[in-house]
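Undergrad: This is the structure I want to talk about, given as structure tokens.
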Amino acid sequence: MLNQLRDEMKQPAGRAAAIALAVLGLLWAGLVAGDWGMRFRWFQWHRSFIQGPARPTYMGYATPLSTNHVPARRGGDLLPMIGVPSLMERYAEPIPAYTQINDEYGLPNEPPVTPGKFPVVMVGDSYLAQGGDWSNRLAGLLSVRLGCPVYTVSMAGLGPVMPLTAFMDHPVYREYPPRVVVWDIIERDIGGPYFEGMLFNVLQRTRTNQVATTAAAVGPVNWRELGATRLRARLPETSLAAQLARRVWARLRYHLFGLIVPEVFISSEPVLGRDMLFYYGSLTPRCWGASIRDLPRVTRTISDANEAYFKPRGIHWVILLIPDKETIYEEYVPPAAFPCGVPPPPSCLTELEERLRAAGLTVVNLLPAYREAALAGRLLYGHNDTHWNREGMALAADQLAGPVLELLAEEP
């Protein structure tokens with residue numbers, strides 16, 4: 001009798017435990033399925049290993065002959081890293097709406113692209129895409145000062161080498177070289193091994209005279225990206241759970257300890273009445289010494305590329321050196337922000353300019369003019385952005401106009 005009563009009591013408890021386990025299992029399966037679903041839908045994780053059809057390297061990422069209407073917003077590329085809505089709103093700045101027109105090659109230019117229409121071509125990364133519509137970007141500002149159209153080959157997030165490759169493969173400029181090519185180099189990108197890759201690309205096109213395409217001939221799947229090492233690096237970055245955990249931790253850090261994410265630093269004092277945000281990814285290169293920068297190697301690769309490709313085609317190659325915001329407003333960077341301690345080494349741009357000029361290249365180094373303007377109280381970069389603002393672009397156009405006009409005045 002007692003055993004029967006005990007069994008009757010166990011049955012409901014067993015059923016409840018089984019139901020609880022089933023619910024937890026379904027909940028876990030749902031979370032896992034949702035996490036993996038967001039990897040493909042939100043983070044587009046599959047794009048890292050699923051390769052599309054081969055495409056010419058000179059094609060931009062916009063739809064050819066398209067018009068993009070970008071609405072007004074409040075932002076800056078450093079704000080999303082903070083992850084605390086109230087703090088983000090404190091540092092947000094209004095960005096007006098604008099319209100971007102793309103040419104036949106998916107690049108931000110007024111179509112059509114006809115031979116001889118653009119005697120000056122600007123080549124670089126996202127710095128050339130800042131400002132809104134064409135008239136407010138560096139190419140538009142420089143065009144007004146030169147009195148002639150200026151073409152832009154800009155590829156955001158790819159550094160200086162890929163846009164240069166795109167220019168060399170561009171069908172119009174392969175057949176009809178421009179008079180002047182301005183190539184912008186950002187301070188944080190300067191390093192010897194990286195620039196030797198640029199020289200390889202230049203020499204490859206000089207010797208083969210063939211237009212390259214994006215690598216897709218190896219098959220639809222890039223199996224290298226699915227290796228264990230790559231997966232360990234990519235899977236946490238494309239996990240919804242990991243991203244949500246980061247956001248929660250970012251808010252807890254701020255509200256409990258008054259700290260923000262380590263990728264962003266707030267200026268030690270206001271800059272022109274407002275706090276300025278600095279990017280840790282730019283502070284780290286400021287600590288690179290001579291062995292890492294290897295400026296003789298950088299100079300040699302640029303000079304060799306000029307002799308092999310640009311000079312034989314009658315192209316004047318202008319090297320535009322752009323300092324990072326963390327260099328121009330260095331005195332506002334919190335002392336603890338520099339990973340190497342304070343003060344960091346002097347900017348590499350001065351020495352690189354001297355070496356490039358000694359090699360016979362035309363160089364426009366923005367560091368002296370930018371530093372002078374900053375000390376005079378001018379704001380050249382967005383408070384909450386890693387890029388320059390319109391005043392910074394206007395000063396760059398002023399510095400470029402004189403040397404480029406001199407080159408255009410020379411006999412072709």
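By convention in this document, the chains of the structure tokens carry letters A, B, ... by their order, each chain's residues are numbered from 1, and ligands are numbered from 1 in the order they are shown.
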Using the chain letters and numbers from this document, which residues of region 201-371 of chain A does DSSP assign to strand (DSSP E or B), as a VMD selection string?

TA: chain A and resid 213 221 264 to 266 271 274 277 to 279 316 to 322 362 to 365

Undergrad: Could you produce a table of the residues of region 236-354 of chain A lying within 6 Å of region 174-190 of chain A, with the nearest pair of atoms per residue and their separation in Å rounded to one decimal, using only C-alpha atoms, ordered by chain and increasing residue number, as a tab-separated table?

TA:
```
residue	atom	partner	partner_atom	distance
A:Pro285	CA	A:Arg188	CA	5.4
A:Ile315	CA	A:Arg179	CA	5.2
A:His316	CA	A:Val180	CA	4.7
A:Trp317	CA	A:Val181	CA	5.1
A:Val318	CA	A:Val182	CA	4.7
A:Ile319	CA	A:Trp183	CA	5.2
A:Leu320	CA	A:Asp184	CA	4.5
A:Leu321	CA	A:Ile185	CA	5.2
A:Ile322	CA	A:Ile186	CA	4.9
A:Pro323	CA	A:Glu187	CA	5.1
A:Asp324	CA	A:Glu187	CA	5.9
```

Undergrad: Generate a file of the selected residues that holds N, CA, C and O atoms, formatted as a PDB file, in the first residue's frame.

TA:
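Okay, result-v8.pdb is ready:
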```pdb
ATOM      1  N   PRO A 285      48.438  51.966 -34.394  1.00  0.00           N
ATOM      2  CA  PRO A 285      49.485  52.270 -35.380  1.00  0.00           C
ATOM      3  C   PRO A 285      50.336  53.480 -35.022  1.00  0.00           C
ATOM      4  O   PRO A 285      51.482  53.578 -35.475  1.00  0.00           O
ATOM      5  N   ILE A 315      51.620  59.456 -66.907  1.00  0.00           N
ATOM      6  CA  ILE A 315      50.738  59.830 -65.802  1.00  0.00           C
ATOM      7  C   ILE A 315      51.569  60.442 -64.680  1.00  0.00           C
ATOM      8  O   ILE A 315      52.562  59.865 -64.241  1.00  0.00           O
ATOM      9  N   HIS A 316      51.184  61.623 -64.222  1.00  0.00           N
ATOM     10  CA  HIS A 316      51.786  62.217 -63.029  1.00  0.00           C
ATOM     11  C   HIS A 316      51.100  61.602 -61.809  1.00  0.00           C
ATOM     12  O   HIS A 316      49.889  61.744 -61.625  1.00  0.00           O
ATOM     13  N   TRP A 317      51.887  60.941 -60.985  1.00  0.00           N
ATOM     14  CA  TRP A 317      51.351  60.250 -59.810  1.00  0.00           C
ATOM     15  C   TRP A 317      51.601  61.119 -58.583  1.00  0.00           C
ATOM     16  O   TRP A 317      52.751  61.386 -58.225  1.00  0.00           O
ATOM     17  N   VAL A 318      50.516  61.578 -57.948  1.00  0.00           N
ATOM     18  CA  VAL A 318      50.604  62.427 -56.757  1.00  0.00           C
ATOM     19  C   VAL A 318      50.236  61.583 -55.542  1.00  0.00           C
ATOM     20  O   VAL A 318      49.168  60.955 -55.511  1.00  0.00           O
ATOM     21  N   ILE A 319      51.097  61.573 -54.542  1.00  0.00           N
ATOM     22  CA  ILE A 319      50.853  60.826 -53.316  1.00  0.00           C
ATOM     23  C   ILE A 319      50.306  61.792 -52.269  1.00  0.00           C
ATOM     24  O   ILE A 319      50.977  62.753 -51.879  1.00  0.00           O
ATOM     25  N   LEU A 320      49.066  61.551 -51.834  1.00  0.00           N
ATOM     26  CA  LEU A 320      48.413  62.379 -50.820  1.00  0.00           C
ATOM     27  C   LEU A 320      48.497  61.665 -49.475  1.00  0.00           C
ATOM     28  O   LEU A 320      47.925  60.590 -49.296  1.00  0.00           O
ATOM     29  N   LEU A 321      49.227  62.236 -48.532  1.00  0.00           N
ATOM     30  CA  LEU A 321      49.393  61.653 -47.203  1.00  0.00           C
ATOM     31  C   LEU A 321      48.386  62.280 -46.242  1.00  0.00           C
ATOM     32  O   LEU A 321      48.398  63.492 -46.016  1.00  0.00           O
ATOM     33  N   ILE A 322      47.498  61.438 -45.687  1.00  0.00           N
ATOM     34  CA  ILE A 322      46.422  61.911 -44.817  1.00  0.00           C
ATOM     35  C   ILE A 322      46.700  61.477 -43.376  1.00  0.00           C
ATOM     36  O   ILE A 322      46.780  60.271 -43.093  1.00  0.00           O
ATOM     37  N   PRO A 323      46.848  62.410 -42.448  1.00  0.00           N
ATOM     38  CA  PRO A 323      47.071  62.034 -41.041  1.00  0.00           C
ATOM     39  C   PRO A 323      45.774  61.568 -40.385  1.00  0.00           C
ATOM     40  O   PRO A 323      44.671  61.969 -40.773  1.00  0.00           O
ATOM     41  N   ASP A 324      45.913  60.716 -39.392  1.00  0.00           N
ATOM     42  CA  ASP A 324      44.758  60.287 -38.607  1.00  0.00           C
ATOM     43  C   ASP A 324      44.318  61.405 -37.665  1.00  0.00           C
ATOM     44  O   ASP A 324      45.111  62.260 -37.272  1.00  0.00           O
TER      45      ASP A 324
END
```

Undergrad: For the atom pair CA of Ala166 (chain A) and CA of Val153 (chain A), what is the interatomic distance in Å to one decimal place?

TA: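 Computed distance, CA of Ala166 (chain A) to CA of Val153 (chain A), equals 7.4 Å.
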
Undergrad: Excluding Ser303 (chain A) and its own-chain neighbours fewer than 6 positions away, which residues fall within 12 Å of it when counting only C-alpha atoms? Please give them as a ChimeraX atom specification.

TA: /A:195-196,198-199,202,296-297,309-311,317-319,355-363

Undergrad: When you look at region 385-393 of chain A with a cut-off of 8 Å (counting only C-alpha atoms), what residues show up, excluding the ones that are within fewer than 2 positions of it in the same chain? I need them as a PyMOL selection string.

TA: chain A and resi 76-79+127+130-131+136-138+141+277-279+324-325+370+379-383+395-397

Undergrad: By how many Å are CA of Ala17 (chain A) and CA of Val32 (chain A) apart?

TA: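 Between these atoms lies a distance of 22.3 Å.
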
Undergrad: List the spatial neighbours of region 86-101 of chain A as a ChimeraX atom specification - criterion: any atom at most 10 Å away, only C-alpha atoms, same-chain residues fewer than 5 positions off excluded.

TA: /A:62-76,78-81,106-111,129,131-134,136,251,254,260,274-277,382-385
